[in-house]
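Chemist: Take a look at this one; I'll ask things after.
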Amino acid sequence: MSESDTQPTLLPYAFGNPPLRARLRQVPEDFRVEEILGYDADGKGEHVLLWVEKRGANTDWVARELAKFAGVPAVAVGYAGMKDRHAVTRQTFSVQMAGRPDLDWSTFPHAEVNVLAATRHSRKLKRGALRGNRFILVLREVTGDRAAAENVLAQIATRGVPNYYGEQRFGREGGNLAQARAMFAGRRVERDKRSMLLSAARSQIFNQVLAARIERGAWDSPLDGEIWALAGSRSWFGPEPFSAVLAERLAKADIHPSGPLWGRGEPPSQGQAGALEREIGTLCHDLVEGIEAARMDQERRALRLMPRELKWRWLADDALELVFELPAGAYATVVVRELAQTS
């Protein structure tokens, strides 16, 4: 496997080649993201939950600037997830304000960041502690077969899309994966960066398993020896014989076929599913050996991603708006890639 294997254009599609070509992120307003925490502030405590809109700004930078404004160390600021820089995004930050008076957050001194609301809360926000994200995307300069695009959108609404890790996971031109290989070969890296590189390595193996499942026509249907991922959860179960009960749960998107997030020992899958995963593991042996040496545990990720409340409308002959929700850890770009080749 080479670093170029991470490029989304080289991974197989679920519904054939995309019927459209388009521009995405012509302006930040064409890529809007709104975080869904799944709970409200409790109105008390030493933390303040800030509902923040940012345009063209990096999440880490916003967190550091919020800390400066509040006069607290950077570690006192928390957020649930990173949000795209080249976008207009709304997300929640927490700021620990123990023994400090409330601030007038409307005076935050950066035009690209607007604090929309501030409410006291008892706990710091932790990474990953969110239900999902809502996206409003606009594709511009659209060309191609509109009728075929409508058909693909209808299939996405009913069948979902392959749950690839997006190119963001691998860094510019797959650089994170190259650095992971260098780290496994002995190069020393900082602890925080080490975690990122390990994630890139696991993501590469997962994407290759998913690509092989697509080529077999089994990304949204089971293979013998399947491990099932529970929707909206990191939990999984199996293998067990495919039954009418499992078929009904699969049809309702309560469960999904899963792929490996590699770790120590053998993947729990068996039969056809297990043989395929071990075959990919052998091809990616340098990544597998590095991950196992890091003593990571075997985990699972759903192969199928179901966008919720998917809607679309043509704003003009060459402009298409897409609206949908995704669970935490999923990528909007893997939804778009089934529909359009973008630049």
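Naming works like this for the structure tokens: A, B, ... for the chains as they're shown, residue 1 at the start of each chain, ligands 1 onward in shown order.
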List as a list in words the protein and nucleic acid residues near A:Ala14, meaning an atom at most 8 Å away when only C-alpha atoms are counted, but skip any in the same chain fewer than 3 places from it.

Modeler: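 Counting only the stated atoms, we get Val161, Pro162, Ile214 and Glu338 of chain A.
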
Chemist: Can you list, as a PyMOL selection string, every protein, DNA or RNA residue that comes within 6 Å of A:Pro327 when you count only C-alpha atoms, leaving out same-chain residues fewer than 2 positions away?

Modeler: chain A and resi 131-132+330

Chemist: Each residue of stretch 78-137 of chain A lying at most 12 Å from stretch 289-309 of chain A should get a row with its shortest atom-to-atom pair and the distance in Å to one decimal, counting only C-alpha atoms; could you produce that, ordered by chain and increasing number, as CSV?

Modeler:
```
residue,atom,partner,partner_atom,distance
A:Gly132,CA,A:Arg308,CA,10.3
A:Asn133,CA,A:Arg308,CA,10.2
A:Arg134,CA,A:Arg308,CA,9.0
A:Phe135,CA,A:Pro307,CA,10.1
A:Ile136,CA,A:Glu309,CA,11.6
```

Chemist: I need the residue nearest A:Thr158 from this list: A:Gly217, A:Ala41, A:Ala251, A:Ala80. Use only C-alpha atoms for the distance.

Modeler: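 Nearest candidate to A:Thr158 out of A:Gly217, A:Ala41, A:Ala251, A:Ala80: A:Ala251.
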
Chemist: Which residues of stretch 98-159 of chain A come within 12 Å of stretch 44-64 of chain A, and what is each one's closest atom pair and distance in Å (one decimal), counting only C-alpha atoms, sorted by chain and residue number, as a tab-separated table?

Modeler:
```
residue	atom	partner	partner_atom	distance
A:Ala98	CA	A:Glu46	CA	4.7
A:Gly99	CA	A:Glu46	CA	7.5
A:Arg100	CA	A:Glu46	CA	8.5
A:Pro101	CA	A:Glu46	CA	10.1
A:Asp102	CA	A:Val48	CA	8.6
A:Leu103	CA	A:Val48	CA	9.9
A:Asp104	CA	A:Leu50	CA	11.6
A:Trp105	CA	A:Leu50	CA	8.7
A:Ser106	CA	A:Val52	CA	10.7
A:Phe108	CA	A:Val62	CA	10.7
A:Pro109	CA	A:Val62	CA	11.2
A:His110	CA	A:Val62	CA	9.3
A:Ala111	CA	A:Lys54	CA	8.9
A:Glu112	CA	A:Arg55	CA	5.2
A:Val113	CA	A:Lys54	CA	4.4
A:Asn114	CA	A:Glu53	CA	5.2
A:Val115	CA	A:Val52	CA	4.5
A:Leu116	CA	A:Trp51	CA	5.4
A:Ala117	CA	A:Trp51	CA	5.1
A:Ala118	CA	A:Leu50	CA	4.6
A:Thr119	CA	A:Leu49	CA	5.2
A:Arg120	CA	A:Val48	CA	4.4
A:His121	CA	A:Lys44	CA	4.9
A:Ser122	CA	A:Gly45	CA	4.0
A:Arg123	CA	A:His47	CA	6.3
A:Lys124	CA	A:His47	CA	6.5
A:Leu125	CA	A:Leu49	CA	8.3
```

Chemist: Can you pull out the residues contacting A:Tyr331? Cut-off 9 Å, using only C-alpha atoms, and skip same-chain residues under 6 positions away; I want them as a PDB file with N, CA and C atoms, in the first residue's frame.

Modeler:
```pdb
ATOM      1  N   ASN A 163     -18.720   4.341   4.606  1.00  0.00           N
ATOM      2  CA  ASN A 163     -18.302   5.180   5.733  1.00  0.00           C
ATOM      3  C   ASN A 163     -16.781   5.349   5.764  1.00  0.00           C
ATOM      4  N   TYR A 164     -16.224   5.802   4.617  1.00  0.00           N
ATOM      5  CA  TYR A 164     -14.778   6.029   4.550  1.00  0.00           C
ATOM      6  C   TYR A 164     -14.333   7.079   5.569  1.00  0.00           C
ATOM      7  N   TYR A 165     -13.078   6.997   5.980  1.00  0.00           N
ATOM      8  CA  TYR A 165     -12.422   8.142   6.606  1.00  0.00           C
ATOM      9  C   TYR A 165     -12.070   9.123   5.490  1.00  0.00           C
ATOM     10  N   GLY A 166     -12.358  10.405   5.712  1.00  0.00           N
ATOM     11  CA  GLY A 166     -12.091  11.431   4.714  1.00  0.00           C
ATOM     12  C   GLY A 166     -10.620  11.785   4.637  1.00  0.00           C
ATOM     13  N   GLN A 168      -9.137  14.388   5.230  1.00  0.00           N
ATOM     14  CA  GLN A 168      -8.623  15.190   6.340  1.00  0.00           C
ATOM     15  C   GLN A 168      -7.859  14.331   7.338  1.00  0.00           C
TER      16      GLN A 168
END
```

Chemist: Could you pull out the strand (DSSP E) residues of stretch 26-251 of chain A from DSSP and send them as a count of residues only?

Modeler: 56

Chemist: Any idea what's packed within 10 Å of A:Trp314, counting only C-alpha atoms, ignoring anything in its chain fewer than 3 positions away? Could you give it as a list of chain:residue names?

Modeler: A:Val138, A:Leu139, A:Arg146, A:Asp317, A:Asp318, A:Ala319, A:Leu320, A:Glu321, A:Leu322

Chemist: Can you tell me how far atom CA of A:Arg188 sits from atom CA of A:Ala201, in Å to one decimal?

Modeler: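 If I compute the distance from atom CA of A:Arg188 to atom CA of A:Ala201, I get 16.1 Å.
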
Chemist: Which residues, written as a tab-separated table (two decimals) with C-alpha atoms, in the first residue's frame, have at least one atom at most 10 Å from A:Ala148, with only C-alpha atoms counted and residues fewer than 6 positions away on the same chain left out?

Modeler:
```
chain	number	residue	atom	x	y	z
A	18	PRO	CA	-20.25	10.26	-9.79
A	19	PRO	CA	-22.65	11.79	-12.33
A	20	LEU	CA	-21.67	15.41	-11.56
A	154	ALA	CA	-32.35	8.74	-3.82
A	339	LEU	CA	-22.54	12.41	-6.17
```

Chemist: With only C-alpha atoms as the counted atoms, please give the residues lying no more than 8 Å from A:Leu177, apart from itself and same-chain residues fewer than 6 positions off, as a VMD selection string.

Modeler: chain A and resid 3 170 to 171 197 200 to 201 204

Chemist: Next, write the just-selected residues to a file, as a PDB file, in the first residue's frame, keeping C-alpha atoms as the atom set.

Modeler:
```pdb
ATOM      1  CA  GLU A   3       0.457   6.876   0.549  1.00  0.00           C
ATOM      2  CA  PHE A 170      -4.497  11.659   6.409  1.00  0.00           C
ATOM      3  CA  GLY A 171      -3.197  15.223   6.163  1.00  0.00           C
ATOM      4  CA  LEU A 197      -0.452   9.228  13.332  1.00  0.00           C
ATOM      5  CA  ALA A 200      -4.153   7.674  10.349  1.00  0.00           C
ATOM      6  CA  ALA A 201      -2.628   4.189  10.181  1.00  0.00           C
ATOM      7  CA  GLN A 204      -5.889   3.496   6.159  1.00  0.00           C
TER       8      GLN A 204
END
```

Chemist: Mind giving me the straight-line distance from atom CA of A:Val245 to atom CA of A:Ser258 in Å, one decimal?

Modeler: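 Computing it gives 17.5 Å between the two atoms.
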
Chemist: In Å, rounded to a single decimal, give me how far atom CA of A:Gly38 is from atom CA of A:Asp84.

Modeler: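 Distance reported for this atom pair: 20.2 Å.
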